[in-house]
file my_file_13.cif (mmCIF, C-alpha atoms)
data_coords
#
loop_
_atom_site.label_atom_id
_atom_site.label_comp_id
_atom_site.auth_asym_id
_atom_site.auth_seq_id
_atom_site.Cartn_x
_atom_site.Cartn_y
_atom_site.Cartn_z
CA MET A 1 116.36 152.70 189.36
CA GLN A 2 115.29 156.32 189.80
CA GLN A 3 116.81 156.30 193.31
CA ALA A 4 120.04 154.83 191.96
CA LEU A 5 120.24 157.49 189.27
CA LEU A 6 119.64 160.21 191.86
CA ASP A 7 122.29 158.79 194.21
CA TYR A 8 124.76 158.44 191.38
CA THR A 9 124.17 161.99 190.19
CA LEU A 10 124.70 163.20 193.76
CA TYR A 11 127.94 161.21 193.98
CA LEU A 12 129.22 163.01 190.88
CA ALA A 13 127.97 166.41 192.04
CA ASP A 14 129.27 166.08 195.60
CA SER A 15 132.72 164.98 194.44
CA ALA A 16 133.04 167.98 192.13
CA LEU A 17 131.67 170.42 194.72
CA ILE A 18 133.81 169.22 197.62
CA LEU A 19 137.02 169.31 195.58
CA GLY A 20 135.96 172.73 194.32
CA GLN A 21 135.39 173.91 197.89
CA ARG A 22 138.80 172.55 198.91
CA ASN A 23 140.56 174.25 195.98
CA SER A 24 138.77 177.52 196.57
CA ALA A 25 140.80 177.96 199.76
CA TRP A 26 143.80 178.65 197.48
CA CYS A 27 142.15 181.75 196.06
CA GLY A 28 144.54 184.59 196.83
CA HIS A 29 147.14 182.19 198.29
CA GLY A 30 148.62 180.50 195.20
CA PRO A 31 152.43 180.44 194.91
CA VAL A 32 152.36 182.91 191.99
CA LEU A 33 149.54 184.88 190.45
CA GLU A 34 149.21 182.77 187.27
CA GLN A 35 148.93 179.55 189.27
CA ASP A 36 146.51 181.10 191.74
CA ILE A 37 144.36 182.00 188.73
CA ALA A 38 144.76 178.50 187.27
CA ILE A 39 143.63 176.64 190.38
CA THR A 40 140.69 179.01 190.87
CA ASN A 41 139.66 178.57 187.21
CA ILE A 42 139.68 174.83 187.75
CA THR A 43 137.62 175.38 190.88
CA LEU A 44 135.11 177.38 188.89
CA ASP A 45 134.80 174.56 186.36
CA LEU A 46 134.26 172.01 189.14
CA ILE A 47 131.62 174.10 190.86
CA GLY A 48 129.96 174.73 187.49
CA GLN A 49 129.86 170.99 186.82
CA SER A 50 128.40 170.37 190.25
CA ARG A 51 125.68 172.96 189.57
CA SER A 52 124.56 171.21 186.39
CA LEU A 53 124.56 167.90 188.24
CA TYR A 54 122.67 169.27 191.26
CA GLN A 55 120.08 170.84 188.97
CA TYR A 56 119.53 167.43 187.41
CA ALA A 57 119.46 165.75 190.84
CA ALA A 58 116.87 168.28 192.03
CA GLN A 59 114.73 167.45 189.04
CA LEU A 60 115.06 163.71 189.75
CA ASN A 61 114.33 164.26 193.41
CA GLY A 62 111.23 166.35 192.73
CA GLY A 63 109.40 168.19 195.50
CA ASP A 64 111.03 171.35 196.85
CA ALA A 65 114.59 170.27 196.10
CA THR A 66 116.79 172.77 194.27
CA GLU A 67 120.50 172.82 193.49
CA ASP A 68 120.91 174.99 196.60
CA THR A 69 119.00 172.78 199.03
CA LEU A 70 121.04 169.79 197.84
CA ALA A 71 124.35 171.57 198.31
CA TYR A 72 123.59 173.55 201.44
CA LEU A 73 121.10 171.53 203.45
CA ARG A 74 122.28 167.95 203.34
CA SER A 75 124.32 166.56 206.20
CA GLU A 76 127.63 164.74 206.20
CA ARG A 77 126.15 161.25 205.95
CA GLU A 78 124.06 162.31 202.97
CA TYR A 79 127.10 163.51 201.01
CA LYS A 80 128.41 160.89 198.62
CA ASN A 81 131.67 162.48 197.45
CA CYS A 82 134.71 160.27 197.10
CA LEU A 83 137.13 160.50 200.03
CA LEU A 84 139.92 161.77 197.75
CA ALA A 85 138.03 165.04 197.21
CA GLU A 86 137.86 165.83 200.92
CA ARG A 87 141.56 165.24 201.68
CA PRO A 88 143.20 168.38 203.13
CA ASN A 89 144.94 170.84 200.82
CA GLY A 90 148.26 170.25 202.59
CA ASP A 91 150.98 171.99 200.63
CA TRP A 92 150.99 172.85 196.92
CA ALA A 93 152.30 169.35 196.12
CA GLN A 94 149.37 167.66 197.82
CA THR A 95 146.81 169.97 196.20
CA ILE A 96 148.37 169.39 192.78
CA LEU A 97 148.58 165.64 193.14
CA ARG A 98 145.00 165.41 194.44
CA GLN A 99 143.87 167.38 191.40
CA PHE A 100 145.89 165.22 189.07
CA LEU A 101 144.59 161.92 190.46
CA PHE A 102 141.03 163.23 190.47
CA SER A 103 141.13 164.87 187.02
CA CYS A 104 142.59 161.75 185.41
CA PHE A 105 139.76 159.81 187.03
CA GLN A 106 137.15 162.33 185.86
CA ARG A 107 138.54 162.07 182.36
CA GLU A 108 137.93 158.30 182.28
CA LEU A 109 134.61 158.58 184.06
CA TYR A 110 133.18 161.31 181.84
CA THR A 111 134.42 159.55 178.73
CA GLN A 112 132.41 156.52 179.84
CA LEU A 113 129.40 158.70 180.66
CA THR A 114 129.32 160.37 177.25
CA LYS A 115 128.03 156.99 176.04
CA GLU A 116 125.52 156.69 178.89
CA LYS A 117 121.91 156.16 177.82
CA ASP A 118 120.79 158.83 180.28
CA THR A 119 121.05 161.80 177.94
CA THR A 120 121.36 164.47 180.63
CA LEU A 121 124.34 162.79 182.28
CA ALA A 122 125.84 162.20 178.85
CA ALA A 123 125.41 165.90 177.97
CA ILE A 124 126.96 167.11 181.23
CA ALA A 125 129.85 164.68 180.75
CA THR A 126 130.45 165.83 177.18
CA LYS A 127 130.56 169.45 178.23
CA SER A 128 132.72 168.82 181.30
CA LEU A 129 135.20 166.64 179.46
CA LYS A 130 136.48 169.64 177.50
CA GLU A 131 137.31 171.36 180.79
CA VAL A 132 138.79 168.26 182.42
CA THR A 133 141.28 167.90 179.56
CA TYR A 134 142.81 171.21 180.66
CA HIS A 135 142.81 170.16 184.33
CA CYS A 136 144.69 166.94 183.52
CA ARG A 137 147.30 168.74 181.46
CA TRP A 138 147.87 171.52 183.97
CA SER A 139 148.11 169.27 187.03
CA GLY A 140 150.19 166.72 185.10
CA GLU A 141 152.71 169.39 184.16
CA TRP A 142 152.98 170.41 187.80
CA VAL A 143 153.48 166.80 188.92
CA LEU A 144 156.46 166.68 186.54
CA ARG A 145 157.80 170.02 187.69
CA LEU A 146 157.64 169.08 191.36
CA GLY A 147 158.64 165.42 191.09
CA ASP A 148 161.57 166.06 188.80
CA GLY A 149 162.40 169.45 190.32
CA THR A 150 164.44 170.07 193.45
CA ALA A 151 165.12 167.59 196.25
CA GLU A 152 162.64 169.52 198.38
CA SER A 153 159.83 169.49 195.79
CA HIS A 154 160.46 165.80 195.10
CA THR A 155 160.22 164.90 198.79
CA ARG A 156 157.01 166.86 199.13
CA LEU A 157 155.42 165.11 196.17
CA VAL A 158 156.46 161.69 197.52
CA THR A 159 154.81 162.55 200.84
CA ALA A 160 151.67 163.72 199.01
CA LEU A 161 151.57 160.45 197.07
CA GLU A 162 151.85 158.42 200.26
CA ASN A 163 149.08 160.51 201.82
CA LEU A 164 146.67 160.35 198.91
CA TRP A 165 147.17 156.97 197.29
CA PRO A 166 145.16 155.04 199.94
CA TYR A 167 142.12 157.10 198.94
CA THR A 168 142.20 156.20 195.26
CA GLY A 169 140.97 152.59 195.55
CA GLU A 170 137.43 153.69 196.34
CA LEU A 171 137.03 155.33 192.94
CA PHE A 172 136.99 151.93 191.26
CA LYS A 173 134.81 150.06 193.77
CA ALA A 174 131.19 150.03 192.64
CA ALA A 175 128.67 151.48 195.08
CA ASP A 176 125.18 149.96 195.23
CA TYR A 177 123.79 152.68 193.00
CA GLU A 178 126.46 152.06 190.37
CA LEU A 179 125.66 148.36 190.35
CA ALA A 180 121.95 149.15 190.07
CA MET A 181 122.68 151.33 187.06
CA GLY A 182 124.84 148.69 185.45
CA LEU A 183 127.95 150.89 185.67
CA ASP A 184 131.32 149.34 186.33
CA PRO A 185 133.88 151.80 187.70
CA ALA A 186 136.48 149.00 187.87
CA ALA A 187 136.60 149.16 184.08
CA LEU A 188 138.07 152.67 184.35
CA GLN A 189 141.04 151.61 186.41
CA THR A 190 143.36 150.31 183.71
CA ASN A 191 143.39 153.52 181.65
CA TRP A 192 143.52 155.68 184.74
CA LEU A 193 146.46 153.78 186.20
CA ALA A 194 148.33 153.83 182.91
CA ALA A 195 147.99 157.61 182.62
CA VAL A 196 148.85 158.26 186.26
CA GLN A 197 151.76 155.85 186.30
CA SER A 198 153.36 157.22 183.16
CA THR A 199 153.32 160.79 184.50
CA LEU A 200 154.55 159.69 187.94
CA GLU A 201 157.40 157.72 186.41
CA GLU A 202 158.39 160.66 184.24
CA ALA A 203 158.34 162.70 187.45
CA THR A 204 160.75 160.13 188.97
CA LEU A 205 158.19 158.76 191.42
CA SER A 206 157.45 155.10 191.99
CA LEU A 207 154.27 153.36 193.03
CA ALA A 208 156.11 150.18 193.96
CA SER A 209 155.89 150.63 197.74
CA LEU A 210 152.18 151.49 197.48
CA ALA A 211 151.13 148.60 195.27
CA SER A 212 149.40 146.68 198.05
CA CYS A 213 148.61 149.49 200.49
CA PHE A 214 145.36 149.57 202.45
CA MET A 215 142.57 151.39 200.62
CA HIS A 216 139.99 153.45 202.47
CA VAL A 217 136.37 153.26 201.34
CA GLY A 218 133.10 154.79 202.48
CA GLY A 219 132.72 158.25 200.97
CA LYS A 220 130.59 157.09 198.07
CA LYS A 221 128.02 155.67 200.48
CA GLY A 222 128.17 158.55 202.95
CA VAL A 223 130.75 157.34 205.45
CA HIS A 224 133.39 160.05 205.51
CA THR A 225 136.62 160.97 207.20
CA GLU A 226 136.65 163.61 209.90
CA GLU A 227 137.48 166.22 207.26
CA LEU A 228 134.06 166.49 205.62
CA GLY A 229 132.27 167.83 208.68
CA TYR A 230 134.62 170.82 208.80
CA ILE A 231 134.28 171.42 205.07
CA LEU A 232 130.48 171.45 205.27
CA THR A 233 130.56 173.73 208.29
CA ASP A 234 132.31 176.31 206.14
CA LEU A 235 130.37 175.61 202.95
CA GLN A 236 126.94 175.65 204.55
CA TYR A 237 127.48 178.36 207.14
CA MET A 238 125.36 181.08 205.50
CA GLN A 239 122.35 178.87 204.79
CA ARG A 240 122.47 177.34 208.26
CA ALA A 241 122.82 180.70 210.02
CA TYR A 242 120.34 182.57 207.82
CA PRO A 243 117.96 179.96 206.38
CA GLY A 244 116.77 180.81 202.88
CA CYS A 245 119.08 183.80 202.49
CA ASP A 246 119.58 184.95 198.91
CA TRP A 247 121.79 187.49 197.14
CA MET B 248 99.08 192.16 159.54
CA ASN B 249 98.73 188.39 159.62
CA ALA B 250 99.84 186.27 162.56
CA THR B 251 102.74 184.54 160.83
CA LEU B 252 104.27 187.83 159.73
CA LEU B 253 103.91 189.23 163.24
CA HIS B 254 105.79 186.23 164.61
CA THR B 255 108.52 186.48 162.00
CA GLU B 256 109.08 190.15 162.66
CA ALA B 257 109.01 189.70 166.41
CA THR B 258 111.54 186.87 166.18
CA ALA B 259 113.82 188.94 163.94
CA ALA B 260 113.66 191.81 166.43
CA CYS B 261 114.71 189.47 169.23
CA TRP B 262 117.69 188.16 167.25
CA LYS B 263 118.66 191.77 166.64
CA LEU B 264 118.48 192.42 170.37
CA MET B 265 121.05 189.63 170.86
CA ASP B 266 123.44 191.73 168.76
CA GLN B 267 123.11 194.51 171.31
CA ILE B 268 123.58 192.53 174.54
CA CYS B 269 127.29 191.97 175.18
CA ASP B 270 129.24 189.54 177.30
CA PRO B 271 129.99 191.39 180.57
CA GLU B 272 133.55 190.02 180.68
CA VAL B 273 134.44 190.45 177.02
CA PRO B 274 132.30 193.50 176.26
CA VAL B 275 133.15 193.68 172.53
CA LEU B 276 131.37 190.38 171.90
CA SER B 277 127.61 190.29 171.55
CA LEU B 278 125.64 187.18 172.45
CA ASN B 279 125.34 186.44 168.73
CA ASP B 280 129.09 186.85 168.23
CA LEU B 281 129.65 184.30 170.99
CA GLY B 282 127.04 181.95 169.55
CA ILE B 283 125.45 181.22 172.90
CA VAL B 284 121.84 181.95 171.90
CA ARG B 285 120.62 178.62 170.54
CA ALA B 286 116.94 179.28 169.94
CA ILE B 287 114.31 181.99 170.11
CA ALA B 288 110.67 180.94 170.08
CA VAL B 289 108.10 183.73 170.05
CA LYS B 290 104.90 182.06 171.19
CA SER B 291 102.93 185.26 171.16
CA PRO B 292 104.23 188.65 169.96
CA PRO B 293 104.38 191.63 172.34
CA SER B 294 101.34 193.19 170.67
CA GLU B 295 99.34 190.22 171.96
CA ALA B 296 100.10 188.17 175.11
CA GLY B 297 103.89 188.58 174.72
CA ILE B 298 105.17 185.08 175.45
CA ILE B 299 108.69 184.03 174.51
CA ASP B 300 111.11 181.16 175.12
CA ILE B 301 114.85 181.68 174.71
CA THR B 302 117.48 178.97 174.93
CA ILE B 303 121.06 179.87 175.79
CA THR B 304 124.08 177.72 176.50
CA ALA B 305 127.04 178.35 178.80
CA THR B 306 130.53 178.63 177.35
CA TYR B 307 132.13 176.90 180.35
CA SER B 308 130.19 175.04 183.09
CA GLY B 309 131.10 177.55 185.76
CA CYS B 310 130.91 180.72 183.69
CA PRO B 311 129.73 183.33 186.21
CA ALA B 312 128.40 185.57 183.44
CA MET B 313 125.49 183.25 182.63
CA ASP B 314 123.16 184.47 185.36
CA TRP B 315 123.86 188.08 184.41
CA ILE B 316 123.22 187.32 180.75
CA ALA B 317 119.94 185.51 181.47
CA ASN B 318 118.75 188.42 183.62
CA THR B 319 119.75 191.02 181.07
CA ILE B 320 117.88 189.15 178.34
CA LYS B 321 114.77 189.16 180.56
CA ILE B 322 115.05 192.88 181.33
CA GLU B 323 115.51 193.81 177.66
CA LEU B 324 112.67 191.57 176.46
CA ARG B 325 110.38 193.03 179.08
CA ALA B 326 111.24 196.49 177.79
CA MET B 327 110.20 195.25 174.33
CA GLY B 328 106.79 194.36 175.73
CA TYR B 329 107.08 190.66 176.53
CA GLN B 330 105.10 189.62 179.57
CA SER B 331 106.11 186.00 179.98
CA ILE B 332 109.78 185.20 179.36
CA THR B 333 111.45 181.85 179.85
CA VAL B 334 115.22 181.53 179.54
CA ASN B 335 116.27 177.89 179.23
CA HIS B 336 119.86 176.73 179.72
CA ALA B 337 120.82 174.02 177.28
CA ILE B 338 123.77 171.76 178.07
CA SER B 339 123.72 169.82 174.81
CA PRO B 340 125.12 170.26 172.24
CA ALA B 341 128.07 171.63 174.21
CA TRP B 342 129.15 175.14 173.23
CA THR B 343 132.18 175.39 171.01
CA THR B 344 134.27 178.30 169.75
CA ASP B 345 133.27 177.10 166.26
CA TRP B 346 130.03 178.95 166.91
CA MET B 347 131.81 182.27 167.35
CA SER B 348 131.17 184.59 164.40
CA GLU B 349 134.01 185.71 162.11
CA GLN B 350 133.00 189.27 162.91
CA GLY B 351 133.35 188.40 166.61
CA LYS B 352 136.89 187.11 166.05
CA GLU B 353 137.84 190.36 164.32
CA LYS B 354 136.36 192.38 167.16
CA LEU B 355 138.35 190.33 169.67
CA LYS B 356 141.59 191.06 167.84
CA GLU B 357 140.91 194.79 167.77
CA TYR B 358 140.11 194.67 171.47
CA GLY B 359 143.51 193.08 172.17
CA ILE B 360 142.46 189.45 172.67
CA ALA B 361 143.86 186.84 170.29
CA PRO B 362 140.87 184.99 168.78
CA PRO B 363 140.57 181.17 168.86
CA GLU B 364 142.39 179.44 166.00
CA LYS B 365 142.15 175.76 165.12
CA ARG B 366 145.92 175.41 164.71
CA PHE B 367 146.25 176.46 168.37
CA SER B 368 143.63 174.09 169.78
CA ILE B 369 145.98 173.68 172.73
CA PRO B 370 147.35 177.06 173.90
CA THR B 371 151.03 177.27 173.06
CA ASP B 372 153.93 179.64 172.38
CA GLY B 373 153.66 181.44 169.05
CA ILE B 374 150.03 182.54 169.06
CA PRO B 375 150.19 185.89 167.19
CA CYS B 376 150.23 189.01 169.36
CA PRO B 377 147.04 191.00 168.70
CA GLN B 378 149.00 194.26 169.20
CA CYS B 379 152.09 193.91 166.99
CA LYS B 380 151.23 190.66 165.10
CA SER B 381 154.54 189.08 166.16
CA GLU B 382 154.54 185.30 166.51
CA HIS B 383 157.45 185.52 168.90
CA THR B 384 155.18 185.05 171.91
CA ARG B 385 155.29 182.94 175.05
CA LEU B 386 152.50 181.06 176.84
CA LEU B 387 152.40 182.16 180.49
CA SER B 388 149.41 180.09 181.59
CA GLU B 389 146.65 178.00 180.05
CA PHE B 390 144.30 179.76 182.46
CA GLY B 391 143.57 183.48 182.36
CA SER B 392 141.34 186.17 183.81
CA THR B 393 138.19 184.25 182.76
CA SER B 394 137.50 180.56 182.10
CA CYS B 395 137.64 181.02 178.34
CA LYS B 396 141.10 182.60 178.10
CA ALA B 397 144.79 181.70 178.34
CA LEU B 398 147.54 184.20 179.13
CA LEU B 399 150.49 184.95 176.85
CA GLN B 400 153.18 187.57 176.53
CA CYS B 401 154.65 189.03 173.37
CA GLN B 402 158.46 188.78 173.33
CA ASP B 403 158.76 191.62 170.82
CA CYS B 404 156.45 194.38 172.04
CA GLY B 405 156.43 193.03 175.59
CA GLU B 406 152.67 193.24 175.92
CA PRO B 407 150.89 190.52 177.92
CA PHE B 408 147.68 189.43 176.19
CA ASP B 409 144.77 187.02 176.45
CA TYR B 410 144.06 184.20 174.02
CA PHE B 411 140.46 183.06 173.66
CA LYS B 412 140.93 179.29 173.89
CA CYS B 413 139.54 176.85 171.38
CA HIS B 414 136.81 174.88 173.07
#
call {"tool": "encode", "arguments": {"input": "my_file_13.cif", "output": "structure tokens"}}
result
Amino acid sequence: MQQALLDYTLYLADSALILGQRNSAWCGHGPVLEQDIAITNITLDLIGQSRSLYQYAAQLNGGDATEDTLAYLRSEREYKNCLLAERPNGDWAQTILRQFLFSCFQRELYTQLTKEKDTTLAAIATKSLKEVTYHCRWSGEWVLRLGDGTAESHTRLVTALENLWPYTGELFKAADYELAMGLDPAALQTNWLAAVQSTLEEATLSLASLASCFMHVGGKKGVHTEELGYILTDLQYMQRAYPGCDW
Amino acid sequence: MNATLLHTEATAACWKLMDQICDPEVPVLSLNDLGIVRAIAVKSPPSEAGIIDITITATYSGCPAMDWIANTIKIELRAMGYQSITVNHAISPAWTTDWMSEQGKEKLKEYGIAPPEKRFSIPTDGIPCPQCKSEHTRLLSEFGSTSCKALLQCQDCGEPFDYFKCH
């Protein structure tokens, strides 16, 4: 049970950190200043959430583990982030849609966790949920703007949807540690899909052709796409090159 | 002086100190104005062993000011004679702008930041301009220069300004 709780906490932490690391690449490169600031604010929230979760995981793990050793010294196969988080930034449409799909999922997930009997996870979820509400609204507005915008922006969002959708199935498939904790991510799917679908439809996008598409799985149990290795190389560079370095 | 009185006075002095330490990113707000100091427990006053536990809570999960604030609290308490200082970070209950003092909200306005208001729980057009008081304002972005602020612009005086978001 303790191991399952640790693994689950790492899954939550890794997903937030990896998406945060992905988004952080936009810092200084956003299409306009206000949106650059928005995506980096969201990034800060995600990394902040991951810090709270890693601190808890370190406590569960015991020994010499700290939030830093968990983030900087675990290898690819030890990372449990969902595959969606590690998808490439692509263009602005892909980054936005990835954020939207993920934030809508986080909203359902954290809502469920606020009722969790583990009080630390419930507290982190309660705090994070306030932030996620902003992320959902901001990314949702951009999905509308791009989908129902110009022919070019529409095409780009359609491509992003085709690229990302096959990585959403995993979110609702229980990993061993979720089963051990009695958590059922499948129960989150109905609300998530309803929210996502209604925004996509308003943005003039259809999920019809993707209804039965192949869904990738693996991230939650440590089997990742090629992308994660490159992300970790960047993320962990300082600690790998200068072990134990500190500010 | 008896032990209880010593503790009471020492605790009061620490709360007073929290009026003097300001948020590094919104320097008109003290830690008490922000409502982020949740508890002060003097276990032994500085005239004795000098042991103290302080509990603070972050405004937003990723607020980069938290480490600076925790360190500043430690430095200032050490200067007051405390030898053993523990700063705990509480996650629950989650911080809310409801904990911001009325005095803090006034200070924000004078500083040029629109204070949080319940009727604007979601940032929107029309939040009064802290410069000219006009309500003819436009929301530029729900995200601003720090996690806790949104960005607006006044359509009358033309001034861009921050809104401290309800949280």
call {"tool": "interface_residues", "arguments": {"input": "my_file_13.cif", "of": "chain B", "to": "chain A", "cutoff": "12 Å", "atoms": "only C-alpha atoms", "output": "PyMOL selection string"}}
result
chain B and resi 304-313+336-344+368-370+386-399+412-414
call {"tool": "resolve_selection", "arguments": {"input": "my_file_13.cif", "expression": "the PyMOL selection byres ((chain A and resi 145) around 12)", "output": "list in words"}}
result
Trp92, Ala93, Ile96, Leu97, Trp138, Ser139, Gly140, Glu141, Trp142, Val143, Leu144, Leu146, Gly147, Asp148, Gly149, Thr150, Ala151, Glu152, Ser153, His154, Arg156, Leu157, Thr199, Leu200, Glu202, Ala203, Thr204 and Leu205 of chain A
call {"tool": "closest_residue", "arguments": {"input": "my_file_13.cif", "among": "A:Ser75, A:Gln21, A:Ser103, A:Thr114", "to": "A:Asn89", "atoms": "only C-alpha atoms"}}
result
A:Gln21
call {"tool": "atom_distance", "arguments": {"input": "my_file_13.cif", "atom1": "atom CA of A:Cys104", "atom2": "atom CA of A:Leu83"}}
result
15.7 Å
call {"tool": "residues_near_point", "arguments": {"input": "my_file_13.cif", "point": "(99.6, 184.4, 162.5)", "cutoff": "12 Å", "atoms": "all atoms listed in the file", "output": "ChimeraX atom specification"}}
result
/B:248-257,289-292,295
call {"tool": "resolve_selection", "arguments": {"input": "my_file_13.cif", "expression": "the PyMOL selection byres ((chain A and resi 232) around 12)", "output": "NGL selection string"}}
result
:A and (14 or 17-19 or 21-22 or 71-79 or 81 or 86 or 224 or 226-231 or 233-240)
call {"tool": "build_atoms", "arguments": {"input": "my_file_13.cif", "residues": "stretch 263-284 of chain B", "atoms": "N, CA and C atoms", "output": "short mmCIF file (atom, residue, chain, number, x, y, z; two decimals), in the coordinates of the input"}}
result
data_model
loop_
_atom_site.label_atom_id
_atom_site.label_comp_id
_atom_site.auth_asym_id
_atom_site.auth_seq_id
_atom_site.Cartn_x
_atom_site.Cartn_y
_atom_site.Cartn_z
N LYS B 263 117.94 190.51 166.74
CA LYS B 263 118.66 191.77 166.64
C LYS B 263 119.07 192.26 168.04
N LEU B 264 118.17 192.03 168.98
CA LEU B 264 118.48 192.42 170.37
C LEU B 264 119.73 191.68 170.86
N MET B 265 119.89 190.44 170.42
CA MET B 265 121.05 189.63 170.86
C MET B 265 122.37 190.17 170.30
N ASP B 266 122.25 191.03 169.27
CA ASP B 266 123.44 191.73 168.76
C ASP B 266 123.83 192.88 169.68
N GLN B 267 122.85 193.33 170.47
CA GLN B 267 123.11 194.51 171.31
C GLN B 267 123.52 194.15 172.74
N ILE B 268 123.17 192.93 173.18
CA ILE B 268 123.58 192.53 174.54
C ILE B 268 124.97 191.92 174.44
N CYS B 269 125.89 192.44 175.26
CA CYS B 269 127.29 191.97 175.18
C CYS B 269 127.69 191.16 176.40
N ASP B 270 128.67 190.32 176.20
CA ASP B 270 129.24 189.54 177.30
C ASP B 270 129.83 190.52 178.30
N PRO B 271 129.49 190.42 179.59
CA PRO B 271 129.99 191.39 180.57
C PRO B 271 131.51 191.32 180.76
N GLU B 272 132.11 190.16 180.45
CA GLU B 272 133.55 190.02 180.68
C GLU B 272 134.38 190.27 179.43
N VAL B 273 133.77 190.13 178.28
CA VAL B 273 134.44 190.45 177.02
C VAL B 273 133.48 191.38 176.27
N PRO B 274 133.41 192.64 176.70
CA PRO B 274 132.30 193.50 176.26
C PRO B 274 132.27 193.87 174.78
N VAL B 275 133.26 193.42 173.98
CA VAL B 275 133.15 193.68 172.53
C VAL B 275 132.33 192.58 171.83
N LEU B 276 132.11 191.48 172.52
CA LEU B 276 131.37 190.38 171.90
C LEU B 276 129.90 190.40 172.29
N SER B 277 129.04 190.38 171.26
CA SER B 277 127.61 190.29 171.55
C SER B 277 127.27 188.82 171.76
N LEU B 278 126.06 188.58 172.24
CA LEU B 278 125.64 187.18 172.45
C LEU B 278 125.64 186.42 171.13
N ASN B 279 125.29 187.10 170.04
CA ASN B 279 125.34 186.44 168.73
C ASN B 279 126.77 186.16 168.29
N ASP B 280 127.68 187.09 168.57
CA ASP B 280 129.09 186.85 168.23
C ASP B 280 129.60 185.59 168.93
N LEU B 281 129.21 185.45 170.21
CA LEU B 281 129.65 184.30 170.99
C LEU B 281 128.96 183.00 170.55
N GLY B 282 127.79 183.15 169.97
CA GLY B 282 127.04 181.95 169.55
C GLY B 282 126.39 181.22 170.70
N ILE B 283 126.04 181.93 171.75
CA ILE B 283 125.45 181.22 172.90
C ILE B 283 123.92 181.23 172.90
N VAL B 284 123.31 182.01 171.99
CA VAL B 284 121.84 181.95 171.90
C VAL B 284 121.50 180.84 170.91
#
